[in-house]
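Trainee: Pasting data_21.cif here (mmCIF, C-alpha atoms):
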```
data_input
loop_
_atom_site.label_atom_id
_atom_site.label_comp_id
_atom_site.auth_asym_id
_atom_site.auth_seq_id
_atom_site.Cartn_x
_atom_site.Cartn_y
_atom_site.Cartn_z
CA MET A 753 21.65 129.43 9.85
CA LYS A 754 22.67 132.19 12.27
CA SER A 755 19.16 132.49 13.68
CA PHE A 756 18.93 128.71 14.18
CA ILE A 757 22.14 128.66 16.26
CA SER A 758 21.22 131.74 18.26
CA SER A 759 17.75 130.40 19.02
CA SER A 760 18.88 126.88 19.90
CA TRP A 761 22.03 127.57 21.94
CA PRO A 762 20.27 126.84 25.25
CA LEU A 763 19.28 123.40 23.92
CA ILE A 764 22.80 122.74 22.63
CA PHE A 765 24.31 123.91 25.93
CA LEU A 766 21.96 121.70 27.97
CA SER A 767 22.65 118.72 25.68
CA VAL A 768 26.42 119.12 26.06
CA LEU A 769 26.07 119.57 29.84
CA LEU A 770 23.85 116.48 30.09
CA GLY A 771 26.35 114.51 28.01
CA ILE A 772 29.21 115.56 30.29
CA LEU A 773 27.24 114.64 33.41
CA LEU A 774 26.16 111.27 32.01
CA GLY A 775 29.69 110.53 30.83
CA ALA A 776 31.20 111.44 34.19
CA GLY A 777 28.55 109.38 36.00
CA ALA A 778 29.12 106.36 33.76
CA TYR A 779 32.89 106.63 34.19
CA THR A 780 32.54 106.90 37.97
CA ALA A 781 30.15 103.92 38.12
CA TYR A 782 32.52 101.86 35.95
CA ASN A 783 35.63 102.90 37.87
CA ALA A 784 33.94 102.18 41.23
CA ASN A 785 32.68 98.79 39.99
CA GLY A 786 29.15 100.09 40.59
CA LEU A 787 27.23 97.17 39.10
CA SER A 788 28.79 94.82 41.66
CA TYR A 789 26.62 96.45 44.34
CA LEU A 790 23.54 94.97 42.67
CA SER A 791 24.84 91.46 43.37
CA ASN A 792 24.89 89.38 46.54
CA ASP A 793 28.66 88.90 46.34
CA PRO A 794 30.31 89.96 49.63
CA LYS A 795 33.38 91.08 47.66
CA ALA A 796 31.32 94.05 46.47
CA CYS A 797 31.44 95.39 50.02
CA VAL A 798 35.23 95.60 49.95
CA ASN A 799 35.21 97.88 46.93
CA CYS A 800 35.53 100.44 49.72
CA HIS A 801 38.77 99.85 51.61
CA ILE A 802 37.15 100.82 54.91
CA MET A 803 35.09 97.61 54.79
CA ARG A 804 38.13 95.30 54.46
CA GLU A 805 38.37 94.61 58.21
CA HIS A 806 34.65 93.76 58.38
CA TYR A 807 34.95 91.46 55.36
CA ASP A 808 38.01 89.72 56.85
CA GLY A 809 36.14 89.29 60.13
CA TRP A 810 33.10 87.85 58.32
CA GLN A 811 35.34 85.25 56.65
CA LYS A 812 36.41 84.06 60.13
CA ALA A 813 32.91 84.19 61.62
CA GLY A 814 30.38 81.44 62.15
CA HIS A 815 27.95 82.81 59.57
CA HIS A 816 30.52 82.83 56.74
CA ALA A 817 29.30 79.50 55.37
CA VAL A 818 25.59 80.36 55.55
CA ALA A 819 25.09 84.14 55.16
CA THR A 820 26.36 86.95 52.96
CA CYS A 821 26.43 90.65 53.82
CA ASN A 822 23.03 91.14 52.19
CA ASP A 823 21.45 88.32 54.18
CA CYS A 824 22.04 90.30 57.36
CA HIS A 825 22.27 93.94 56.33
CA VAL A 826 19.39 94.52 53.88
CA PRO A 827 15.76 93.37 53.77
CA HIS A 828 15.14 90.07 52.02
CA ALA A 829 12.18 91.19 49.86
CA LEU A 830 13.25 92.39 46.39
CA ILE A 831 12.04 96.00 46.32
CA PRO A 832 12.92 96.89 49.94
CA LYS A 833 16.32 95.23 49.41
CA TYR A 834 17.25 97.44 46.47
CA LEU A 835 15.77 100.55 48.09
CA ALA A 836 18.00 99.91 51.13
CA LYS A 837 21.00 99.27 48.86
CA ALA A 838 20.33 102.55 47.01
CA GLU A 839 19.98 104.54 50.24
CA ASN A 840 23.10 102.98 51.78
CA GLY A 841 25.01 103.41 48.53
CA TYR A 842 24.14 107.10 48.37
CA ARG A 843 25.06 107.69 52.03
CA HIS A 844 28.30 105.70 51.74
CA SER A 845 29.33 107.46 48.53
CA LYS A 846 28.68 110.85 50.09
CA ALA A 847 30.41 109.99 53.37
CA PHE A 848 33.51 108.49 51.75
CA THR A 849 33.79 111.24 49.14
CA LEU A 850 33.47 114.02 51.71
CA GLN A 851 35.34 112.03 54.40
CA ASP A 852 32.62 112.83 56.97
CA PHE A 853 32.08 109.44 58.60
CA HIS A 854 32.87 108.19 62.07
CA GLU A 855 36.08 106.19 62.42
CA PRO A 856 35.74 103.30 63.11
CA ILE A 857 32.66 103.00 60.94
CA ARG A 858 29.41 102.45 62.88
CA ILE A 859 26.06 101.01 61.95
CA ARG A 860 23.14 103.46 61.93
CA PRO A 861 20.15 102.75 64.21
CA SER A 862 17.85 102.05 61.24
CA ASN A 863 20.36 99.58 59.79
CA SER A 864 20.82 98.02 63.21
CA GLU A 865 17.07 97.44 63.40
CA MET A 866 17.16 95.89 59.91
CA LEU A 867 19.96 93.59 61.11
CA ARG A 868 17.93 92.60 64.18
CA ARG A 869 14.85 91.81 62.08
CA ASN A 870 16.95 89.64 59.76
CA CYS A 871 18.46 87.75 62.72
CA ILE A 872 14.97 87.04 64.03
CA GLU A 873 13.68 86.03 60.59
CA CYS A 874 16.46 83.47 60.04
CA HIS A 875 16.44 82.15 63.61
CA GLN A 876 12.71 82.42 64.35
CA GLU A 877 12.34 78.86 65.63
CA MET A 878 15.20 79.31 68.06
CA VAL A 879 14.26 82.79 69.34
CA ARG A 880 10.46 82.66 69.30
CA TRP A 881 10.20 82.75 73.11
CA ILE A 882 12.74 85.59 73.38
CA VAL A 883 10.90 87.68 70.79
CA ALA A 884 7.67 87.15 72.70
CA LEU A 885 9.26 88.96 75.66
CA ASP A 886 10.52 91.81 73.48
CA ASP A 887 8.84 95.21 73.54
CA GLU A 888 9.74 98.74 72.44
CA GLU A 889 10.91 99.76 75.91
CA HIS A 890 13.26 96.78 76.28
CA SER A 891 14.13 96.06 72.64
CA LEU A 892 16.57 93.18 72.42
CA SER A 893 19.69 93.43 70.28
CA CYS A 894 20.99 90.10 69.02
CA VAL A 895 24.50 91.48 68.51
CA HIS A 896 24.67 92.68 72.10
CA CYS A 897 25.50 89.10 73.08
CA HIS A 898 26.44 87.68 69.69
CA ALA A 899 28.78 90.38 68.36
CA ASP A 900 31.31 87.98 66.84
CA VAL A 901 28.77 85.84 64.99
CA GLY A 902 28.56 88.05 61.91
CA HIS A 903 32.01 89.58 61.71
CA GLY A 904 34.06 87.38 63.98
CA PRO A 905 37.49 88.23 65.31
CA THR A 906 39.23 90.82 63.17
CA LYS A 907 42.81 90.15 64.29
#
```
Could the structure of this file be written out as structure tokens, please?
Mentor:
Amino acid sequence: MKSFISSSWPLIFLSVLLGILLGAGAYTAYNANGLSYLSNDPKACVNCHIMREHYDGWQKAGHHAVATCNDCHVPHALIPKYLAKAENGYRHSKAFTLQDFHEPIRIRPSNSEMLRRNCIECHQEMVRWIVALDDEEHSLSCVHCHADVGHGPTK
């Protein structure tokens, strides 16, 4: 029996460590309401208190009745959508845990481009002639002129 324990202690140690890590991860995911991020429910975004103002603004905005956070902020295709959610979730978790984010929160250039593509996709009939004039040197930003459409007035 002694030789079995002495020869298998690394396996026992790794099993206990893995169990602790999985348990802590499951507890954290449960406590943070992690599964809600897989949904399209805008209330998932306000699991983080820093998003409350954006959520409140969205409720007052023109798109409230027709678009959720995911409609604008992640790709519409299934796999790219969940890849973007995973990347954003990782970055947000890291930033909020380490408190190393800009205040007020700002959209990243890659997410801004995703937002622009989604605006164009939903409004393609209306903006077809504008998009035809668009090029990399003079890239048009929908929210430059329509900043209150998605998040509306916050006060």
Trainee: To verify the selection step, state as a ChimeraX atom specification which residues the PyMOL selection byres ((chain A and resi 862) around 12) yields on this input.
Mentor: /A:825-827,836,839-840,858-861,863-869
Trainee: Calculate how many Å separate atom CA of Thr820 of chain A from atom CA of His903 of chain A, rounding to one decimal.
Mentor: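 These atoms are spaced 10.7 Å apart.
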Trainee: Could you please determine the separation between atom CA of Tyr789 of chain A and atom CA of Leu830 of chain A in Å, to one decimal place?
Mentor: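 Between atom CA of Tyr789 of chain A and atom CA of Leu830 of chain A the gap is 14.1 Å.
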Trainee: Name the closest residue to Leu790 of chain A among the candidates A:Val895, A:Ala838, A:Leu850, A:Cys871; distances are taken between atoms, counting all atoms listed in the file.
Mentor: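 Nearest candidate to Leu790 of chain A out of A:Val895, A:Ala838, A:Leu850, A:Cys871: A:Ala838.
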Trainee: Using all atoms listed in the file, find the one residue out of A:Leu885, A:Val901, A:Cys821, A:Ile857 that sits nearest to Pro794 of chain A.
Mentor: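 Closest to Pro794 of chain A of all the choices is A:Cys821.
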Trainee: Between A:Ala817, A:Pro856, A:Ile872, A:Asn783, which is the closest to Glu805 of chain A once you count all atoms listed in the file?
Mentor: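 Among the listed residues, A:Pro856 lies closest to Glu805 of chain A.
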Trainee: At a cut-off of 9 Å, using all atoms listed in the file, what residues contact Tyr807 of chain A? Leave out same-chain residues fewer than 2 positions from it and give the result as JSON, numbers by chain.
Mentor: {"A": [794, 795, 797, 798, 803, 804, 805, 809, 810, 811, 812, 821, 903, 906]}
Trainee: What separation in Å, quoted to one decimal, exists between atom CA of Ser845 of chain A and atom CA of Ala796 of chain A?
Mentor: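 Atom CA of Ala796 of chain A lies at a distance of 13.7 Å from atom CA of Ser845 of chain A.
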Trainee: Which residue out of A:Leu763, A:Tyr779, A:Cys894, A:Asn785 has the minimum interatomic distance to Ile882 of chain A when only C-alpha atoms are used?
Mentor: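 Distance minimum relative to Ile882 of chain A lands on A:Cys894.
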Trainee: Measuring between all atoms listed in the file, which one of A:Gly904, A:Asn870, A:Leu787, A:Pro832 shows the shortest distance to His816 of chain A?
Mentor: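 Selected residue with least distance to His816 of chain A: A:Gly904.
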Trainee: Please list as a CSV table (one decimal) with C-alpha atoms, keeping the file's coordinate frame every residue within 7 Å of Gly902 of chain A, counting all atoms listed in the file and excluding residues in the same chain fewer than 2 positions away.
Mentor:
```csv
chain,number,residue,atom,x,y,z
A,810,TRP,CA,33.1,87.8,58.3
A,813,ALA,CA,32.9,84.2,61.6
A,814,GLY,CA,30.4,81.4,62.2
A,815,HIS,CA,28.0,82.8,59.6
A,899,ALA,CA,28.8,90.4,68.4
A,900,ASP,CA,31.3,88.0,66.8
A,904,GLY,CA,34.1,87.4,64.0
```
Trainee: Adding 3 Å on each side of the box along x, y and z that holds all listed atoms of segment 804-818 of chain A, could you give its centre and edge lengths in Å to one decimal, as JSON?
Mentor:
```
{"center_x": 32.0, "center_y": 87.4, "center_z": 58.3, "size_x": 18.8, "size_y": 21.8, "size_z": 13.7}
```
Trainee: Since the input lacks some atoms of segment 826-837 of chain A, please model all heavy atoms and print them as a short mmCIF file (atom, residue, chain, number, x, y, z; two decimals), in the coordinates of the input.
Mentor:
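Output saved as out13.cif:
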```cif
data_model
loop_
_atom_site.label_atom_id
_atom_site.label_comp_id
_atom_site.auth_asym_id
_atom_site.auth_seq_id
_atom_site.Cartn_x
_atom_site.Cartn_y
_atom_site.Cartn_z
N VAL A 826 20.47 93.90 54.65
CA VAL A 826 19.39 94.52 53.88
C VAL A 826 18.16 93.62 53.97
O VAL A 826 18.28 92.42 54.24
CB VAL A 826 19.78 94.76 52.40
CG1 VAL A 826 20.91 95.77 52.28
CG2 VAL A 826 20.13 93.49 51.68
N PRO A 827 16.98 94.20 53.74
CA PRO A 827 15.76 93.37 53.77
C PRO A 827 15.84 92.26 52.72
O PRO A 827 16.56 92.38 51.73
CB PRO A 827 14.64 94.36 53.41
CG PRO A 827 15.20 95.70 53.73
CD PRO A 827 16.67 95.61 53.49
N HIS A 828 15.09 91.21 52.93
CA HIS A 828 15.14 90.07 52.02
C HIS A 828 14.20 90.22 50.82
O HIS A 828 14.45 89.64 49.77
CB HIS A 828 14.83 88.78 52.77
CG HIS A 828 15.87 88.48 53.81
ND1 HIS A 828 15.62 87.65 54.86
CD2 HIS A 828 17.14 88.91 53.97
CE1 HIS A 828 16.71 87.56 55.62
NE2 HIS A 828 17.64 88.33 55.10
N ALA A 829 13.12 90.98 50.96
CA ALA A 829 12.18 91.19 49.86
C ALA A 829 12.85 92.06 48.79
O ALA A 829 13.62 92.97 49.09
CB ALA A 829 10.91 91.85 50.37
N LEU A 830 12.55 91.79 47.53
CA LEU A 830 13.25 92.39 46.39
C LEU A 830 13.25 93.92 46.39
O LEU A 830 14.32 94.54 46.36
CB LEU A 830 12.66 91.86 45.07
CG LEU A 830 13.39 92.28 43.81
CD1 LEU A 830 14.78 91.65 43.77
CD2 LEU A 830 12.60 91.90 42.58
N ILE A 831 12.10 94.54 46.42
CA ILE A 831 12.04 96.00 46.32
C ILE A 831 12.65 96.68 47.55
O ILE A 831 13.50 97.56 47.41
CB ILE A 831 10.60 96.48 46.02
CG1 ILE A 831 10.24 96.03 44.59
CG2 ILE A 831 10.49 98.00 46.15
CD1 ILE A 831 8.81 96.28 44.20
N PRO A 832 12.27 96.28 48.78
CA PRO A 832 12.92 96.89 49.94
C PRO A 832 14.44 96.67 49.96
O PRO A 832 15.19 97.54 50.41
CB PRO A 832 12.25 96.21 51.14
CG PRO A 832 10.93 95.76 50.63
CD PRO A 832 11.17 95.40 49.19
N LYS A 833 14.89 95.52 49.46
CA LYS A 833 16.32 95.23 49.41
C LYS A 833 17.06 96.26 48.57
O LYS A 833 18.05 96.85 49.00
CB LYS A 833 16.55 93.83 48.84
CG LYS A 833 17.99 93.47 48.59
CD LYS A 833 18.08 92.08 47.98
CE LYS A 833 19.50 91.64 47.74
NZ LYS A 833 19.56 90.25 47.29
N TYR A 834 16.56 96.51 47.35
CA TYR A 834 17.25 97.44 46.47
C TYR A 834 17.04 98.89 46.86
O TYR A 834 17.90 99.74 46.60
CB TYR A 834 16.90 97.15 45.01
CG TYR A 834 17.64 95.91 44.56
CD1 TYR A 834 17.02 94.68 44.52
CD2 TYR A 834 19.00 95.96 44.28
CE1 TYR A 834 17.71 93.53 44.17
CE2 TYR A 834 19.71 94.83 43.94
CZ TYR A 834 19.06 93.62 43.88
OH TYR A 834 19.77 92.49 43.55
N LEU A 835 15.94 99.20 47.53
CA LEU A 835 15.77 100.55 48.09
C LEU A 835 16.80 100.79 49.20
O LEU A 835 17.41 101.85 49.27
CB LEU A 835 14.35 100.76 48.62
CG LEU A 835 13.26 100.91 47.57
CD1 LEU A 835 11.89 100.95 48.23
CD2 LEU A 835 13.49 102.14 46.71
N ALA A 836 16.99 99.80 50.06
CA ALA A 836 18.00 99.91 51.13
C ALA A 836 19.40 100.00 50.54
O ALA A 836 20.23 100.79 51.00
CB ALA A 836 17.89 98.73 52.09
N LYS A 837 19.68 99.21 49.51
CA LYS A 837 21.00 99.27 48.86
C LYS A 837 21.23 100.65 48.25
O LYS A 837 22.33 101.20 48.35
CB LYS A 837 21.11 98.20 47.77
CG LYS A 837 21.40 96.82 48.28
CD LYS A 837 21.46 95.85 47.10
CE LYS A 837 22.16 94.60 47.49
NZ LYS A 837 23.43 94.42 46.87
#
```
